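Structure file upload_34.csv (CSV, C-alpha atoms) follows.
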```csv
chain,number,residue,atom,x,y,z
J,10,MET,CA,0.0,0.0,0.0
J,11,VAL,CA,1.4,3.4,-1.0
J,12,ARG,CA,1.0,6.3,1.5
J,13,SER,CA,1.8,10.0,1.1
J,14,LEU,CA,4.7,11.7,2.8
J,15,GLY,CA,4.7,15.4,3.2
J,16,VAL,CA,8.0,16.9,2.1
J,17,ALA,CA,9.5,20.4,2.1
J,18,VAL,CA,12.5,22.0,0.5
J,19,VAL,CA,14.5,24.7,2.4
J,20,GLY,CA,16.7,26.7,0.1
J,21,PHE,CA,15.7,26.9,-3.5
J,22,GLY,CA,18.8,27.6,-5.5
J,23,TRP,CA,20.0,25.1,-8.1
J,24,MET,CA,20.2,22.3,-5.5
J,25,GLY,CA,16.8,22.9,-4.1
J,26,ARG,CA,15.4,22.5,-7.7
J,27,VAL,CA,17.4,19.3,-8.1
J,28,HIS,CA,15.9,17.9,-4.9
J,29,THR,CA,12.4,18.9,-6.0
J,30,GLN,CA,12.7,17.3,-9.4
J,31,ALA,CA,14.1,14.2,-7.8
J,32,TYR,CA,11.0,13.9,-5.6
J,33,ALA,CA,8.8,14.2,-8.6
J,34,ARG,CA,10.7,11.5,-10.5
J,35,VAL,CA,11.1,8.9,-7.8
J,36,PRO,CA,7.7,7.2,-8.3
J,37,HIS,CA,8.4,6.7,-12.0
J,38,HIS,CA,11.8,5.1,-11.5
J,39,PHE,CA,11.0,3.2,-8.3
J,40,PRO,CA,7.3,2.3,-8.5
J,41,GLY,CA,7.7,-0.3,-5.7
J,42,LEU,CA,8.4,2.4,-3.1
J,43,SER,CA,5.7,2.4,-0.5
J,44,LEU,CA,6.0,6.2,0.0
J,45,ARG,CA,4.8,8.9,-2.4
J,46,PRO,CA,6.3,12.3,-1.7
J,47,GLU,CA,3.9,15.2,-1.6
J,48,LEU,CA,5.3,18.7,-2.0
J,49,VAL,CA,3.9,20.6,1.0
J,50,ALA,CA,6.2,23.6,1.5
J,51,VAL,CA,9.2,25.5,0.2
J,52,ALA,CA,11.2,28.2,1.9
J,53,ASP,CA,13.8,30.6,0.7
J,54,GLU,CA,14.8,34.0,2.1
J,55,VAL,CA,15.3,35.6,-1.3
J,56,PRO,CA,12.1,37.6,-2.0
J,57,GLY,CA,9.8,35.9,-4.5
J,58,ARG,CA,11.9,32.8,-5.0
J,59,ALA,CA,9.8,30.5,-2.8
J,60,GLU,CA,6.6,31.8,-4.5
J,61,GLN,CA,8.0,31.2,-7.9
J,62,ALA,CA,9.0,27.6,-6.9
J,63,ALA,CA,5.5,27.0,-5.6
J,64,ALA,CA,4.0,28.2,-8.8
J,65,GLN,CA,6.3,26.1,-11.0
J,66,TYR,CA,6.4,22.9,-9.0
J,67,GLY,CA,3.2,22.8,-7.1
J,68,PHE,CA,4.2,23.3,-3.4
J,69,ALA,CA,1.2,23.9,-1.3
J,70,ALA,CA,2.9,26.7,0.7
J,71,ALA,CA,5.8,29.2,0.2
J,72,HIS,CA,7.7,30.8,3.0
J,73,ARG,CA,10.6,33.3,3.5
J,74,ASP,CA,11.4,31.8,6.9
J,75,TRP,CA,12.4,28.1,7.2
J,76,ARG,CA,11.1,28.1,10.8
J,77,GLU,CA,7.6,28.0,9.4
J,78,VAL,CA,8.5,24.7,7.7
J,79,ALA,CA,9.8,23.3,11.0
J,80,ALA,CA,6.4,24.3,12.7
J,81,ASP,CA,4.2,22.8,9.9
J,82,PRO,CA,2.7,19.5,11.1
J,83,ARG,CA,2.0,18.5,7.5
J,84,VAL,CA,5.8,18.3,6.8
J,85,GLN,CA,7.3,15.0,7.7
J,86,ALA,CA,10.6,15.2,5.7
J,87,VAL,CA,12.8,18.1,4.7
J,88,SER,CA,15.4,18.7,2.1
J,89,ILE,CA,18.0,21.1,3.4
J,90,ALA,CA,19.7,22.9,0.4
J,91,ALA,CA,20.4,26.2,2.1
J,92,PRO,CA,23.9,27.7,2.3
J,93,ASN,CA,26.4,25.7,4.3
J,94,PHE,CA,26.5,28.0,7.4
J,95,LEU,CA,22.8,27.3,8.0
J,96,HIS,CA,23.0,23.5,7.8
J,97,ARG,CA,23.6,22.9,11.5
J,98,GLU,CA,20.9,25.3,12.7
J,99,ILE,CA,18.3,24.0,10.3
J,100,GLY,CA,19.3,20.4,10.7
J,101,LEU,CA,19.0,20.6,14.4
J,102,ALA,CA,15.6,22.3,14.3
J,103,MET,CA,14.1,19.9,11.8
J,104,ALA,CA,15.3,16.8,13.7
J,105,GLU,CA,14.0,18.2,17.0
J,106,ALA,CA,10.7,18.8,15.3
J,107,GLY,CA,10.6,15.1,14.4
J,108,LYS,CA,11.2,15.5,10.7
J,109,HIS,CA,13.4,13.3,8.6
J,110,ILE,CA,16.2,15.2,6.8
J,111,TRP,CA,17.9,15.0,3.4
J,112,ILE,CA,20.8,17.4,3.8
J,113,GLU,CA,23.4,18.6,1.4
J,114,LYS,CA,27.1,18.3,2.2
J,115,PRO,CA,28.9,19.6,4.1
J,116,VAL,CA,26.7,19.2,7.1
J,117,GLY,CA,27.7,22.5,8.6
J,118,LEU,CA,31.2,24.0,8.6
J,119,THR,CA,33.0,21.6,10.9
J,120,ALA,CA,33.0,18.0,12.2
J,121,GLU,CA,31.4,19.3,15.4
J,122,ASP,CA,28.5,20.6,13.3
J,123,ALA,CA,28.1,17.3,11.5
J,124,ARG,CA,28.2,15.4,14.8
J,125,ALA,CA,25.6,17.7,16.4
J,126,VAL,CA,23.1,17.1,13.5
J,127,SER,CA,23.9,13.3,13.5
J,128,ASP,CA,23.3,13.1,17.3
J,129,ALA,CA,20.0,15.1,17.0
J,130,VAL,CA,18.8,12.8,14.2
J,131,THR,CA,19.6,9.7,16.4
J,132,LYS,CA,18.0,11.2,19.5
J,133,ALA,CA,14.8,12.1,17.5
J,134,GLY,CA,14.6,8.7,15.9
J,135,VAL,CA,14.3,10.1,12.4
J,136,GLN,CA,16.2,9.3,9.3
J,137,GLY,CA,19.0,11.4,7.8
J,138,THR,CA,20.4,11.1,4.3
J,139,VAL,CA,23.4,13.2,3.0
J,140,GLY,CA,24.1,14.5,-0.5
J,141,PHE,CA,27.2,12.5,-1.5
J,142,ASN,CA,25.7,11.9,-4.9
J,143,TYR,CA,28.8,10.6,-6.7
J,144,ARG,CA,28.8,7.3,-4.8
J,145,ASN,CA,25.3,6.7,-6.4
J,146,ALA,CA,26.7,6.4,-9.9
J,147,PRO,CA,26.2,2.7,-11.1
J,148,ALA,CA,29.8,2.6,-12.3
J,149,VAL,CA,31.1,3.6,-8.8
J,150,ALA,CA,28.9,0.8,-7.3
J,151,ALA,CA,30.4,-1.6,-9.9
J,152,ALA,CA,33.9,-0.4,-9.0
J,153,ARG,CA,33.3,-1.0,-5.4
J,154,GLU,CA,32.1,-4.6,-6.0
J,155,LEU,CA,35.1,-5.3,-8.3
J,156,ILE,CA,37.5,-4.0,-5.6
J,157,ALA,CA,35.8,-6.0,-2.9
J,158,SER,CA,35.8,-9.2,-5.0
J,159,GLY,CA,39.6,-9.1,-5.2
J,160,GLU,CA,39.7,-9.0,-9.0
J,161,ILE,CA,42.4,-6.3,-9.0
J,162,GLY,CA,44.2,-8.0,-6.0
J,163,THR,CA,45.0,-6.1,-2.9
J,164,VAL,CA,44.6,-2.3,-3.3
J,165,THR,CA,47.9,-0.6,-3.2
J,166,HIS,CA,47.0,3.0,-4.0
J,167,VAL,CA,44.3,5.4,-5.2
J,168,ARG,CA,44.2,8.8,-6.7
J,169,ILE,CA,41.0,10.9,-6.5
J,170,ARG,CA,40.6,14.2,-8.3
J,171,LEU,CA,38.0,16.9,-8.2
J,172,PHE,CA,38.9,19.8,-10.5
J,173,SER,CA,36.5,22.5,-11.5
J,174,ASP,CA,36.6,26.1,-12.9
J,175,TYR,CA,33.4,27.4,-11.2
J,176,ALA,CA,35.4,29.9,-9.2
J,177,ALA,CA,38.2,30.5,-11.8
J,178,HIS,CA,37.0,33.8,-13.2
J,179,PRO,CA,38.7,36.7,-11.4
J,180,GLU,CA,35.3,38.6,-11.5
J,181,GLY,CA,33.6,35.9,-9.5
J,182,ALA,CA,31.7,37.7,-6.7
J,183,LEU,CA,32.8,37.5,-3.1
J,184,THR,CA,29.8,35.6,-1.9
J,185,TRP,CA,29.4,33.7,1.3
J,186,ARG,CA,31.2,30.7,-0.3
J,187,PHE,CA,34.5,32.6,0.1
J,188,GLU,CA,34.1,33.5,3.7
J,189,ARG,CA,35.4,31.4,6.5
J,190,GLU,CA,32.5,32.1,8.9
J,191,ARG,CA,29.8,31.2,6.3
J,192,GLY,CA,31.6,29.2,3.7
J,193,GLY,CA,33.8,27.1,6.0
J,194,SER,CA,36.8,25.5,4.4
J,195,GLY,CA,36.1,26.4,0.8
J,196,VAL,CA,37.0,23.7,-1.7
J,197,LEU,CA,37.5,21.3,1.1
J,198,GLY,CA,33.9,21.3,2.1
J,199,ASP,CA,32.6,21.8,-1.4
J,200,LEU,CA,34.6,19.2,-3.4
J,201,ALA,CA,37.1,17.4,-1.2
J,202,SER,CA,34.2,16.2,1.0
J,203,HIS,CA,33.0,14.2,-2.0
J,204,GLY,CA,36.5,12.9,-2.5
J,205,VAL,CA,36.7,11.7,1.1
J,206,ASP,CA,33.3,9.9,0.8
J,207,LEU,CA,34.4,8.2,-2.4
J,208,ALA,CA,37.7,7.1,-0.7
J,209,ARG,CA,35.9,5.6,2.2
J,210,PHE,CA,33.1,4.1,0.0
J,211,LEU,CA,35.7,2.3,-2.2
J,212,LEU,CA,38.6,1.5,0.2
J,213,GLY,CA,37.4,1.8,3.8
J,214,GLU,CA,38.5,4.0,6.6
J,215,ILE,CA,41.3,6.6,6.4
J,216,GLU,CA,43.8,6.2,9.2
J,217,ALA,CA,45.9,9.4,8.8
J,218,LEU,CA,46.5,12.2,6.3
J,219,THR,CA,48.7,15.2,5.5
J,220,ALA,CA,47.6,18.1,3.4
J,221,ASP,CA,48.7,21.3,1.7
J,222,THR,CA,46.2,24.1,0.8
J,223,ALA,CA,46.3,27.4,-1.2
J,224,VAL,CA,44.3,30.4,-2.2
J,225,PHE,CA,45.2,31.4,-5.8
J,226,LEU,CA,42.7,34.3,-6.3
J,227,PRO,CA,43.0,36.2,-3.0
J,228,LEU,CA,40.7,39.2,-3.8
J,229,ARG,CA,37.2,39.3,-5.2
J,230,ALA,CA,34.6,42.1,-5.6
J,231,ARG,CA,31.7,42.2,-3.2
J,232,PRO,CA,28.2,41.7,-4.8
J,233,THR,CA,25.7,44.5,-4.7
J,234,GLY,CA,22.6,42.4,-4.4
J,235,ALA,CA,21.3,38.8,-3.8
J,236,THR,CA,23.3,36.1,-5.4
J,237,ALA,CA,22.6,32.6,-6.8
J,238,GLY,CA,25.1,30.1,-8.0
J,239,HIS,CA,28.4,31.6,-9.0
J,240,THR,CA,27.6,35.2,-9.8
J,241,ARG,CA,30.1,37.7,-11.3
J,242,ALA,CA,30.7,41.2,-9.9
J,243,THR,CA,32.7,44.1,-11.3
J,244,GLY,CA,33.5,47.5,-9.9
J,245,GLY,CA,32.5,46.6,-6.3
J,246,GLU,CA,34.7,46.9,-3.2
J,247,LEU,CA,37.4,44.2,-3.2
J,248,GLY,CA,37.6,41.9,-0.2
J,249,PRO,CA,39.8,38.9,0.8
J,250,VAL,CA,39.0,35.3,0.0
J,251,GLU,CA,39.2,33.7,3.4
J,252,ASN,CA,39.1,30.0,2.5
J,253,GLU,CA,40.8,27.5,0.3
J,254,ASP,CA,40.9,27.4,-3.5
J,255,TYR,CA,43.0,24.2,-3.6
J,256,VAL,CA,43.9,21.2,-1.5
J,257,ASN,CA,46.3,18.3,-2.1
J,258,CYS,CA,46.2,15.5,0.5
J,259,LEU,CA,48.1,12.2,1.1
J,260,LEU,CA,46.0,9.5,2.7
J,261,ARG,CA,46.9,6.3,4.6
J,262,PHE,CA,44.1,3.8,4.8
J,263,ALA,CA,43.5,1.3,7.6
J,264,SER,CA,44.0,-1.5,5.0
J,265,GLY,CA,47.6,-0.3,4.3
J,266,ALA,CA,46.7,1.3,1.0
J,267,ARG,CA,47.9,4.8,0.2
J,268,GLY,CA,46.1,7.6,-1.6
J,269,VAL,CA,46.2,11.1,-3.1
J,270,LEU,CA,43.2,13.4,-3.0
J,271,GLU,CA,43.4,16.6,-4.9
J,272,ALA,CA,40.6,19.2,-5.4
J,273,CYS,CA,40.6,22.7,-6.9
J,274,ARG,CA,37.8,25.2,-7.7
J,275,VAL,CA,39.9,27.5,-9.8
J,276,SER,CA,41.2,25.0,-12.4
J,277,VAL,CA,41.0,26.9,-15.8
J,278,GLY,CA,40.1,24.4,-18.5
J,279,GLU,CA,38.5,21.9,-16.1
J,280,GLN,CA,34.8,21.4,-15.9
J,281,ASN,CA,33.6,18.8,-13.4
J,282,ASN,CA,36.8,16.7,-13.9
J,283,TYR,CA,36.0,14.3,-11.1
J,284,GLY,CA,37.1,10.7,-10.9
J,285,PHE,CA,39.5,8.1,-9.4
J,286,GLU,CA,42.1,5.6,-10.3
J,287,VAL,CA,42.4,2.6,-8.0
J,288,HIS,CA,45.5,0.3,-8.4
J,289,GLY,CA,45.9,-3.2,-6.9
J,290,THR,CA,48.5,-5.9,-7.0
J,291,LYS,CA,46.7,-7.6,-10.0
J,292,GLY,CA,44.9,-4.8,-11.8
J,293,ALA,CA,43.3,-1.4,-11.7
J,294,VAL,CA,39.9,0.4,-12.2
J,295,PHE,CA,39.4,3.9,-13.5
J,296,TRP,CA,36.3,6.2,-13.5
J,297,ASP,CA,35.7,9.6,-14.9
J,298,PHE,CA,32.4,11.4,-13.9
J,299,ARG,CA,32.2,13.0,-17.4
J,300,ARG,CA,32.0,9.5,-18.8
J,301,MET,CA,29.7,8.3,-16.0
J,302,GLY,CA,28.6,5.0,-17.5
J,303,GLU,CA,32.1,3.7,-18.2
J,304,LEU,CA,34.9,2.0,-16.2
J,305,GLY,CA,38.4,1.4,-17.3
J,306,VAL,CA,39.3,-2.0,-16.0
J,307,SER,CA,42.6,-3.9,-16.1
J,308,ARG,CA,42.6,-7.4,-14.8
J,309,GLY,CA,44.2,-10.7,-15.6
J,310,THR,CA,47.6,-12.4,-14.9
J,311,SER,CA,50.0,-10.4,-17.1
J,312,TYR,CA,50.9,-7.8,-14.5
J,313,GLN,CA,53.3,-6.1,-16.9
J,314,ASP,CA,51.9,-4.6,-20.2
J,315,GLN,CA,48.4,-5.7,-19.1
J,316,PRO,CA,45.7,-4.0,-21.2
J,317,VAL,CA,42.9,-1.8,-20.0
J,318,SER,CA,39.4,-2.5,-21.3
J,319,THR,CA,36.4,-0.1,-21.4
J,320,VAL,CA,33.4,-1.7,-19.6
J,321,TYR,CA,30.0,-0.1,-19.9
J,322,VAL,CA,27.8,-0.4,-16.9
J,323,GLY,CA,24.4,-2.0,-17.3
J,324,PRO,CA,21.2,-3.2,-15.4
J,325,GLY,CA,23.2,-5.3,-13.0
J,326,ASP,CA,25.2,-2.4,-11.6
J,327,GLY,CA,23.9,-0.2,-8.8
J,328,GLU,CA,20.5,1.3,-9.6
J,329,TYR,CA,21.1,1.4,-13.3
J,330,ALA,CA,18.1,-0.8,-14.1
J,331,ALA,CA,15.7,1.8,-12.7
J,332,PHE,CA,16.7,4.2,-15.5
J,333,GLN,CA,17.9,2.3,-18.6
J,334,PRO,CA,17.2,-1.2,-20.0
J,335,GLY,CA,20.6,-2.0,-21.5
J,336,SER,CA,24.3,-1.3,-21.1
J,337,ALA,CA,25.8,2.0,-22.4
J,338,ASN,CA,22.6,4.0,-22.3
J,339,SER,CA,23.5,7.4,-20.7
J,340,MET,CA,22.6,8.6,-17.3
J,341,GLY,CA,23.1,12.1,-15.9
J,342,TYR,CA,23.8,14.0,-12.7
J,343,ASP,CA,20.1,14.5,-11.8
J,344,ASP,CA,19.6,10.7,-12.0
J,345,LEU,CA,22.1,10.4,-9.1
J,346,LYS,CA,19.9,12.6,-7.0
J,347,VAL,CA,16.8,10.6,-7.9
J,348,ILE,CA,18.7,7.5,-6.5
J,349,GLU,CA,19.5,9.6,-3.4
J,350,ALA,CA,15.9,10.6,-3.0
J,351,HIS,CA,15.0,6.9,-3.3
J,352,HIS,CA,17.5,6.0,-0.6
J,353,PHE,CA,16.0,8.8,1.7
J,354,LEU,CA,12.4,7.7,1.2
J,355,ARG,CA,13.2,4.0,1.5
J,356,SER,CA,15.1,4.7,4.8
J,357,ILE,CA,11.9,6.4,6.1
J,358,ALA,CA,9.6,3.6,4.9
J,359,GLU,CA,11.7,0.8,6.3
J,360,ASN,CA,13.2,2.7,9.3
J,361,THR,CA,16.6,1.4,8.1
J,362,SER,CA,19.4,3.6,6.7
J,363,TYR,CA,20.2,3.3,3.0
J,364,GLY,CA,22.8,5.4,1.1
J,365,ALA,CA,25.0,8.0,2.6
J,366,THR,CA,24.2,8.8,6.2
J,367,LEU,CA,25.0,11.4,8.7
J,368,ALA,CA,27.7,9.1,10.1
J,369,ASP,CA,29.3,9.2,6.7
J,370,ALA,CA,29.1,13.0,6.8
J,371,THR,CA,30.7,13.1,10.2
J,372,HIS,CA,33.6,10.9,9.0
J,373,SER,CA,34.1,13.2,5.9
J,374,ALA,CA,33.9,16.4,8.1
J,375,ALA,CA,36.5,14.9,10.5
J,376,ALA,CA,38.9,14.3,7.6
J,377,LEU,CA,38.3,17.9,6.3
J,378,ASP,CA,39.1,19.3,9.7
J,379,ALA,CA,42.3,17.1,9.8
J,380,MET,CA,43.3,18.5,6.4
J,381,SER,CA,43.0,22.0,7.7
J,382,ARG,CA,45.1,21.2,10.8
J,383,SER,CA,47.7,19.4,8.7
J,384,ALA,CA,48.0,22.3,6.3
J,385,GLU,CA,48.4,24.7,9.2
J,386,ARG,CA,51.0,22.6,11.1
J,387,GLY,CA,52.8,20.8,8.2
J,388,THR,CA,52.3,17.4,9.8
J,389,TRP,CA,50.5,14.1,9.5
J,390,VAL,CA,47.2,14.0,11.4
J,391,PRO,CA,45.7,10.7,12.7
J,392,LEU,CA,42.0,10.0,12.3
J,393,GLY,CA,39.7,8.0,14.5
```
Before we go any further, please render this structure as structure tokens.
Amino acid sequence: MVRSLGVAVVGFGWMGRVHTQAYARVPHHFPGLSLRPELVAVADEVPGRAEQAAAQYGFAAAHRDWREVAADPRVQAVSIAAPNFLHREIGLAMAEAGKHIWIEKPVGLTAEDARAVSDAVTKAGVQGTVGFNYRNAPAVAAARELIASGEIGTVTHVRIRLFSDYAAHPEGALTWRFERERGGSGVLGDLASHGVDLARFLLGEIEALTADTAVFLPLRARPTGATAGHTRATGGELGPVENEDYVNCLLRFASGARGVLEACRVSVGEQNNYGFEVHGTKGAVFWDFRRMGELGVSRGTSYQDQPVSTVYVGPGDGEYAAFQPGSANSMGYDDLKVIEAHHFLRSIAENTSYGATLADATHSAAALDAMSRSAERGTWVPLG
């Protein structure tokens, strides 16, 4: 029997739209799900934005203040897609109000923030799902199974990259994203958080790390009005960029494997160049987000001069079958968020966690804090 679940979205920038569209698509891709999301409320502090969202997507109510969502008894689950510095406050309030939360990463600005939200969710007995969407790619699920099966032998080392140019333009506005107090650790929270999650998802726990960080564009112009996404600003007063443009990190895993994680938000010529290369004693596996449905796989007994084959994922990999009937049919970014929405709703329906959890977010945040300490001190920092 299918029952309705009242959902709300807090923060209606690009990510709020992605969450909303995912809710709408879930019943079509996962018809066996026992919950049907109903769009009850949307909140955004930018004048007119929530009203526009309600008109376009059919939310029953539109608010400027997210606290009205927390007080609404019709709302049973909430997507939190507001700016990072609000995640802790909103997450705590929604959990304390007894609402399940689907929250974008990073969950707050520090590991303490993530732990606080995680503890609140546990105490309230509600479910919490986190927006680590790249682990939802069917090829990543296939890579994880291949690694776990031992087909590439014992993993020796991994390289994870997250390069983008979204902040590369020197006229990019000095928004909250570049402030320490509101944007946290910059590219660490924005991109490296995904890298840490992929590292743990594929290879297990990280034991220690050492990192180096840099700010390559130290001054930006302050915006003169409300901003969305990565707005440009010219002629405004210049202010300092307070958080990181770049991080390079060496990892030691509990398994004995070694790793390199590198992330940059000002990489000219790079657009969403995200991926990994995992090497083992008998083979390797490679993934590039821009070719999301493909894996490069090297396996066999040759060791030296062993070829790499391109493998196309198909219905047996991850949640691929919910979207496409045969191998090599393309999936996109928004599909990964539909999978994430399904994990969230299934967690609620079965009272069992599926997908990335707040515990995963806390582990990722602890690694990010360790990176910041390591870059400051110039030393290895243990985790756990």
Give one line per residue of stretch 73-100 of chain J that approaches stretch 47-67 of chain J to at most 7 Å, naming the two atoms of the closest pair and their distance in Å to one decimal, counting all atoms listed in the file; sort by chain then ascending residue number and deliver it as a tab-separated table.
```
residue	atom	partner	partner_atom	distance
J:Arg73	CA	J:Glu54	CA	4.5
J:Asp74	CA	J:Ala52	CA	6.2
J:Trp75	CA	J:Ala52	CA	5.4
J:Val78	CA	J:Ala50	CA	6.7
J:Val84	CA	J:Val49	CA	6.5
```
*For J:Thr240, which residue out of J:Arg189, J:Arg124, J:His203, J:His178 is the nearest one, using all atoms listed in the file?*
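Of J:Arg189, J:Arg124, J:His203, J:His178, the one nearest J:Thr240, counting all atoms listed in the file, is J:His178.
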Could you tell me how far atom CA of J:His352 sits from atom CA of J:Ala374, in Å to one decimal place?
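One can read the atom CA of J:Ala374 to atom CA of J:His352 distance as 21.3 Å.
Between atom CA of J:Asn93 and atom CA of J:Val269 lies a distance of 25.7 Å.
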message = For stretch 219-223 of chain J, find every residue with an atom within 8 Å (counting all atoms listed in the file), except residues of its own chain fewer than 6 positions away, and show them as number ranges by chain.
response = J: 253-260, 379-381, 383-384, 387-390
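Remark: for J:Ile89, the closest of the candidate residues J:Ser194, J:Asn282, J:Thr290, J:Thr29 is J:Thr29 (distances computed over only C-alpha atoms).
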For J:Leu44: contacts at 6 Å, all atoms listed in the file, fewer than 3 positions along chain excluded, given as an NGL selection string: :J and (11-13)
Query - Nearest candidate to J:Pro324 (options J:Ala150, J:Thr184, J:Tyr342, J:Phe210; using all atoms listed in the file) - result: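 For J:Pro324, the nearest of the candidates is J:Ala150.
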Fill in: Atomic separation - atom CA of J:Met24 relative to atom CA of J:Glu77, Å
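It comes out at 20.3 Å.
Proximity of J:Trp185, J:Phe262, J:Tyr32, J:Phe68 to J:Pro249, computed with all atoms listed in the file, is greatest for J:Trp185.
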Exercise for the section: For J:Glu160, please output as a ChimeraX atom specification all residues within 12 Å (counting all atoms listed in the file; exclusion window: fewer than 4 positions along the same chain). Expected result: /J:151-156,164,287-294,306-310
Pick from J:Gly159, J:Arg45, J:Gly140, J:Val18 nearest to J:Met103, counting all atoms listed in the file:
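Answer, going by the shortest atom-to-atom distance: J:Val18.
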Option closest in space to J:Tyr363, from J:Lys108, J:Val139, J:Gly265, J:Val130 [counting all atoms listed in the file]
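Selected residue with least distance to J:Tyr363: J:Val139.
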Fewer than 4 positions away in the same chain doesn't count, so skip those; otherwise give me all residues within 9 Å of J:Pro227, counting all atoms listed in the file, as a PyMOL selection string. chain J and resi 248-251
Hey, what's within 7 Å of stretch 354-359 of chain J if we count all atoms listed in the file and toss same-chain stuff fewer than 2 positions away? As an NGL selection string, please? :J and (42-44 or 136 or 350-352 or 361-363)
### Neighbours of point (36.1, 21.3, 7.6) within 10 Å, using only C-alpha atoms, written as a PyMOL selection string
chain J and resi 115-123+192-199+201-202+373-382
Please tell me which residues are no farther than 12 Å from (36.2, 36.5, -18.0) in the file, counting all atoms listed in the file, and write them as a PDB file with C-alpha atoms, in the coordinates of the input.
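Writing the result to result-v7.pdb gives the following:
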```pdb
ATOM      1  CA  ASP J 174      36.600  26.100 -12.900  1.00  0.00           C
ATOM      2  CA  TYR J 175      33.400  27.400 -11.200  1.00  0.00           C
ATOM      3  CA  ALA J 176      35.400  29.900  -9.200  1.00  0.00           C
ATOM      4  CA  ALA J 177      38.200  30.500 -11.800  1.00  0.00           C
ATOM      5  CA  HIS J 178      37.000  33.800 -13.200  1.00  0.00           C
ATOM      6  CA  PRO J 179      38.700  36.700 -11.400  1.00  0.00           C
ATOM      7  CA  GLU J 180      35.300  38.600 -11.500  1.00  0.00           C
ATOM      8  CA  GLY J 181      33.600  35.900  -9.500  1.00  0.00           C
ATOM      9  CA  THR J 240      27.600  35.200  -9.800  1.00  0.00           C
ATOM     10  CA  ARG J 241      30.100  37.700 -11.300  1.00  0.00           C
ATOM     11  CA  ALA J 242      30.700  41.200  -9.900  1.00  0.00           C
ATOM     12  CA  THR J 243      32.700  44.100 -11.300  1.00  0.00           C
ATOM     13  CA  VAL J 277      41.000  26.900 -15.800  1.00  0.00           C
TER      14      VAL J 277
END
```
